[in-house]
$ cat my_file.cif   # mmCIF, C-alpha atoms
data_start
#
loop_
_atom_site.group_PDB
_atom_site.id
_atom_site.type_symbol
_atom_site.label_atom_id
_atom_site.label_comp_id
_atom_site.auth_asym_id
_atom_site.auth_seq_id
_atom_site.Cartn_x
_atom_site.Cartn_y
_atom_site.Cartn_z
ATOM 1 C CA MET A 11 87.950 100.399 71.639
ATOM 2 C CA LEU A 12 85.719 99.283 74.545
ATOM 3 C CA LYS A 13 88.696 97.868 76.446
ATOM 4 C CA ASN A 14 90.700 101.110 76.198
ATOM 5 C CA LYS A 15 87.731 103.269 77.204
ATOM 6 C CA ALA A 16 86.827 100.997 80.149
ATOM 7 C CA GLU A 17 90.462 100.949 81.350
ATOM 8 C CA GLU A 18 90.645 104.746 81.133
ATOM 9 C CA LEU A 19 87.373 105.251 83.041
ATOM 10 C CA LEU A 20 88.441 102.736 85.691
ATOM 11 C CA GLN A 21 91.821 104.423 86.112
ATOM 12 C CA ASN A 22 90.148 107.828 86.544
ATOM 13 C CA ALA A 23 87.792 106.417 89.190
ATOM 14 C CA LEU A 24 90.697 104.788 91.075
ATOM 15 C CA GLU A 25 92.642 108.070 90.988
ATOM 16 C CA GLU A 26 89.651 109.760 92.598
ATOM 17 C CA ARG A 27 89.361 107.017 95.256
ATOM 18 C CA GLN A 28 92.963 106.189 96.132
ATOM 19 C CA ASP A 29 91.900 103.892 98.993
ATOM 20 C CA LEU A 30 90.655 101.436 96.341
ATOM 21 C CA PHE A 31 92.876 99.439 94.003
ATOM 22 C CA LEU A 32 92.436 97.105 91.062
ATOM 23 C CA ILE A 33 92.890 93.351 91.398
ATOM 24 C CA SER A 34 91.764 92.438 87.887
ATOM 25 C CA LEU A 35 89.935 93.748 84.846
ATOM 26 C CA THR A 36 88.705 91.322 82.199
ATOM 27 C CA ILE A 37 86.612 91.957 79.131
ATOM 28 C CA GLY A 38 85.160 88.884 77.454
ATOM 29 C CA THR A 39 84.475 88.419 73.763
ATOM 30 C CA ASP A 40 80.810 89.184 74.486
ATOM 31 C CA ASN A 41 81.827 92.599 75.973
ATOM 32 C CA ALA A 42 81.279 91.335 79.523
ATOM 33 C CA ILE A 43 83.366 93.675 81.678
ATOM 34 C CA LYS A 44 84.405 92.225 85.050
ATOM 35 C CA VAL A 45 86.222 94.430 87.555
ATOM 36 C CA VAL A 46 87.586 93.032 90.821
ATOM 37 C CA ILE A 47 88.695 95.645 93.377
ATOM 38 C CA ASP A 48 90.061 95.725 96.898
ATOM 39 C CA GLY A 49 90.561 98.553 99.345
ATOM 40 C CA ASP A 50 92.936 99.547 102.099
ATOM 41 C CA ASN A 51 89.947 99.564 104.479
ATOM 42 C CA GLY A 52 87.963 96.812 102.782
ATOM 43 C CA VAL A 53 85.309 97.269 100.106
ATOM 44 C CA LEU A 54 81.716 98.318 100.712
ATOM 45 C CA VAL A 55 78.786 97.910 98.334
ATOM 46 C CA GLU A 56 78.936 101.690 97.874
ATOM 47 C CA ASP A 57 82.536 101.376 96.629
ATOM 48 C CA CYS A 58 81.485 98.857 93.982
ATOM 49 C CA MET A 59 78.595 101.139 93.001
ATOM 50 C CA PHE A 60 80.998 104.088 92.669
ATOM 51 C CA ILE A 61 83.278 102.153 90.301
ATOM 52 C CA SER A 62 80.326 100.738 88.372
ATOM 53 C CA ARG A 63 78.780 104.172 87.840
ATOM 54 C CA ALA A 64 82.110 105.706 86.861
ATOM 55 C CA ILE A 65 82.376 103.193 84.031
ATOM 56 C CA GLU A 66 78.757 102.571 83.026
ATOM 57 C CA HIS A 67 77.622 106.196 82.927
ATOM 58 C CA ASN A 68 80.463 107.109 80.579
ATOM 59 C CA LEU A 69 80.061 104.307 78.046
ATOM 60 C CA ASP A 70 77.501 104.566 75.278
ATOM 61 C CA ARG A 71 75.319 101.466 74.912
ATOM 62 C CA GLU A 72 74.338 102.716 71.445
ATOM 63 C CA GLU A 73 77.977 102.301 70.352
ATOM 64 C CA GLU A 74 78.662 98.935 71.965
ATOM 65 C CA ASP A 75 76.480 96.593 73.966
ATOM 66 C CA PHE A 76 78.174 95.461 77.191
ATOM 67 C CA SER A 77 77.544 94.026 80.620
ATOM 68 C CA LEU A 78 79.389 95.246 83.705
ATOM 69 C CA GLU A 79 80.141 93.454 86.963
ATOM 70 C CA VAL A 80 82.106 95.115 89.785
ATOM 71 C CA LEU A 81 82.963 93.056 92.852
ATOM 72 C CA SER A 82 85.341 92.929 95.772
ATOM 73 C CA ALA A 83 88.141 90.389 96.019
ATOM 74 C CA GLY A 84 86.328 88.586 98.843
ATOM 75 C CA ALA A 85 87.562 87.133 102.097
ATOM 76 C CA ALA A 86 88.470 83.746 100.619
ATOM 77 C CA SER A 87 90.297 85.125 97.580
ATOM 78 C CA PRO A 88 94.060 84.625 97.418
ATOM 79 C CA LEU A 89 96.245 87.666 98.055
ATOM 80 C CA THR A 90 98.013 88.782 94.888
ATOM 81 C CA LEU A 91 99.378 92.302 95.419
ATOM 82 C CA PRO A 92 101.837 93.707 97.997
ATOM 83 C CA ARG A 93 99.163 96.232 99.006
ATOM 84 C CA GLN A 94 96.842 93.364 100.017
ATOM 85 C CA TYR A 95 99.489 91.878 102.306
ATOM 86 C CA LYS A 96 100.051 95.240 103.998
ATOM 87 C CA LYS A 97 96.361 95.649 104.812
ATOM 88 C CA ASN A 98 96.270 92.163 106.376
ATOM 89 C CA ILE A 99 99.147 92.612 108.842
ATOM 90 C CA GLY A 100 98.132 91.026 112.144
ATOM 91 C CA ARG A 101 95.929 88.378 110.531
ATOM 92 C CA THR A 102 96.699 84.677 110.129
ATOM 93 C CA LEU A 103 97.710 83.546 106.630
ATOM 94 C CA GLU A 104 98.161 80.180 104.997
ATOM 95 C CA VAL A 105 101.001 80.503 102.515
ATOM 96 C CA ARG A 106 101.928 77.897 99.919
ATOM 97 C CA THR A 107 105.305 78.466 98.291
ATOM 98 C CA ASN A 108 106.378 77.465 94.783
ATOM 99 C CA ASP A 109 107.921 74.273 96.210
ATOM 100 C CA ASP A 110 104.454 73.377 97.682
ATOM 101 C CA LYS A 111 105.542 73.927 101.286
ATOM 102 C CA LYS A 112 102.648 75.243 103.433
ATOM 103 C CA THR A 113 103.160 77.628 106.315
ATOM 104 C CA GLU A 114 100.455 79.056 108.535
ATOM 105 C CA GLY A 115 101.275 82.011 110.724
ATOM 106 C CA LYS A 116 100.487 85.545 111.788
ATOM 107 C CA LEU A 117 101.516 88.158 109.228
ATOM 108 C CA GLU A 118 103.951 90.380 111.126
ATOM 109 C CA ALA A 119 105.273 92.571 108.310
ATOM 110 C CA ALA A 120 104.990 93.077 104.562
ATOM 111 C CA ASP A 121 106.745 95.204 101.988
ATOM 112 C CA GLU A 122 107.026 95.304 98.200
ATOM 113 C CA ASN A 123 109.285 92.215 98.100
ATOM 114 C CA SER A 124 108.537 89.913 101.040
ATOM 115 C CA ILE A 125 106.365 89.031 104.013
ATOM 116 C CA GLN A 126 107.245 87.947 107.538
ATOM 117 C CA LEU A 127 105.237 85.256 109.332
ATOM 118 C CA LYS A 128 105.377 84.216 112.995
ATOM 119 C CA TRP A 129 103.822 81.127 114.579
ATOM 120 C CA LYS A 130 104.139 78.772 117.544
ATOM 121 C CA ALA A 131 105.190 75.142 117.149
ATOM 122 C CA ARG A 132 105.658 72.158 119.452
ATOM 123 C CA GLU A 133 109.122 70.607 119.207
ATOM 124 C CA PRO A 134 110.928 67.903 121.160
ATOM 125 C CA LYS A 135 112.895 69.201 124.153
ATOM 126 C CA PRO A 136 116.639 69.508 123.511
ATOM 127 C CA VAL A 137 117.245 67.325 126.583
ATOM 128 C CA GLY A 138 114.856 64.769 128.033
ATOM 129 C CA LYS A 139 111.387 63.665 127.040
ATOM 130 C CA GLY A 140 108.410 65.772 126.071
ATOM 131 C CA LYS A 141 107.884 68.805 123.910
ATOM 132 C CA VAL A 142 108.303 72.512 124.313
ATOM 133 C CA THR A 143 106.474 75.361 122.567
ATOM 134 C CA VAL A 144 108.751 77.559 120.469
ATOM 135 C CA THR A 145 108.106 80.659 118.385
ATOM 136 C CA LYS A 146 109.157 80.383 114.757
ATOM 137 C CA GLU A 147 109.561 83.091 112.129
ATOM 138 C CA ALA A 148 109.961 83.032 108.377
ATOM 139 C CA THR A 149 110.548 85.696 105.783
ATOM 140 C CA ILE A 150 109.124 84.686 102.409
ATOM 141 C CA ALA A 151 109.788 86.521 99.146
ATOM 142 C CA LEU A 152 106.595 87.435 97.278
ATOM 143 C CA ASP A 153 108.084 85.837 94.145
ATOM 144 C CA ASP A 154 108.279 82.515 96.040
ATOM 145 C CA ILE A 155 104.586 82.547 96.998
ATOM 146 C CA LYS A 156 102.316 80.352 94.897
ATOM 147 C CA GLU A 157 99.197 81.191 96.926
ATOM 148 C CA ALA A 158 98.413 83.043 100.143
ATOM 149 C CA LYS A 159 95.020 83.214 101.820
ATOM 150 C CA VAL A 160 93.758 84.837 104.990
ATOM 151 C CA ILE A 161 92.513 82.236 107.464
ATOM 152 C CA ILE A 162 89.043 83.207 108.646
ATOM 153 C CA LYS A 163 88.458 82.207 112.284
ATOM 154 C CA PHE A 164 85.057 82.284 113.954
#
$ encode --input "my_file.cif" --output "structure tokens"
Amino acid sequence: MLKNKAEELLQNALEERQDLFLISLTIGTDNAIKVVIDGDNGVLVEDCMFISRAIEHNLDREEEDFSLEVLSAGAASPLTLPRQYKKNIGRTLEVRTNDDKKTEGKLEAADENSIQLKWKAREPKPVGKGKVTVTKEATIALDDIKEAKVIIKF
């Protein structure tokens, strides 16, 4: 009962604020509701408050006791949805594929099925001694990604 009502209230709030989207919704056995959201333009405290109020003000604590936590995905959280990749175009990602190969590069493009990374690498010269800097590109299917994180640089 609580799960269905919370899901419905959350969906209504996200329809009203289409710049926000759901990363996860969990409801523990102790009725602890945890909502993780992200947004096309990031997530402000006010966005979390909006979602929290949309749920909390429409649930009756007399019917069921619950706790509610609404938070943003966070800068260090792995990317999980195609929409998250699209909003991070131009940023540097570290991507680990299902075969445990790691690639770090600038996210050039993203769609519903894959991402495109570009990076510079030092490779031996084709002729002679020394190394030369080359630009590399890779297109990686989202299904092949085990984990992808934005690299925060200061």
$ atom_distance --input "my_file.cif" --atom1 "atom CA of Ser87 of chain A" --atom2 "atom CA of Ile33 of chain A"
10.6 Å
$ resolve_selection --input "my_file.cif" --expression "the PyMOL selection byres ((chain A and resi 109-122) around 10)" --output "MDAnalysis selection string"
chainID A and resid 91:108 123:130 146:152 154:161
$ atom_distance --input "my_file.cif" --atom1 "atom CA of Ile61 of chain A" --atom2 "atom CA of Ile162 of chain A"
27.0 Å
$ resolve_selection --input "my_file.cif" --expression "the PyMOL selection byres ((chain A and resi 62) around 12)" --output "ChimeraX atom specification"
/A:16,19-20,23-24,43-47,55-61,63-69,77-82
$ atom_distance --input "my_file.cif" --atom1 "atom CA of Ala42 of chain A" --atom2 "atom CA of Gly84 of chain A"
20.2 Å
$ closest_residue --input "my_file.cif" --among "A:Glu73, A:Pro88, A:Gly49, A:Leu35" --to "Glu18 of chain A" --atoms "only C-alpha atoms"
A:Leu35
$ axis_aligned_box --input "my_file.cif" --around "segment 75-91 of chain A" --padding-each-side "3 Å" --output "lines of an AutoDock Vina configuration file"
center_x = 87.9
center_y = 90.2
center_z = 88.0
size_x = 28.9
size_y = 18.8
size_z = 34.1
$ residues_around --input "my_file.cif" --residues "Asp29 of chain A" --least-positions-apart "3" --cutoff "9 Å" --atoms "only C-alpha atoms" --output "mmCIF file with C-alpha atoms, in the frame of the given file"
data_model
loop_
_atom_site.group_PDB
_atom_site.id
_atom_site.type_symbol
_atom_site.label_atom_id
_atom_site.label_comp_id
_atom_site.auth_asym_id
_atom_site.auth_seq_id
_atom_site.Cartn_x
_atom_site.Cartn_y
_atom_site.Cartn_z
ATOM 1 C CA LEU A 24 90.697 104.788 91.075
ATOM 2 C CA GLU A 26 89.651 109.760 92.598
ATOM 3 C CA ASP A 48 90.061 95.725 96.898
ATOM 4 C CA GLY A 49 90.561 98.553 99.345
ATOM 5 C CA ASP A 50 92.936 99.547 102.099
ATOM 6 C CA ASN A 51 89.947 99.564 104.479
ATOM 7 C CA GLY A 52 87.963 96.812 102.782
#
$ closest_residue --input "my_file.cif" --among "A:Lys163, A:Arg71, A:Arg132, A:Lys13" --to "Gly38 of chain A" --atoms "all atoms listed in the file"
A:Lys13
$ closest_residue --input "my_file.cif" --among "A:Leu12, A:Ala83, A:Thr145, A:Gln21" --to "Glu133 of chain A" --atoms "all atoms listed in the file"
A:Thr145
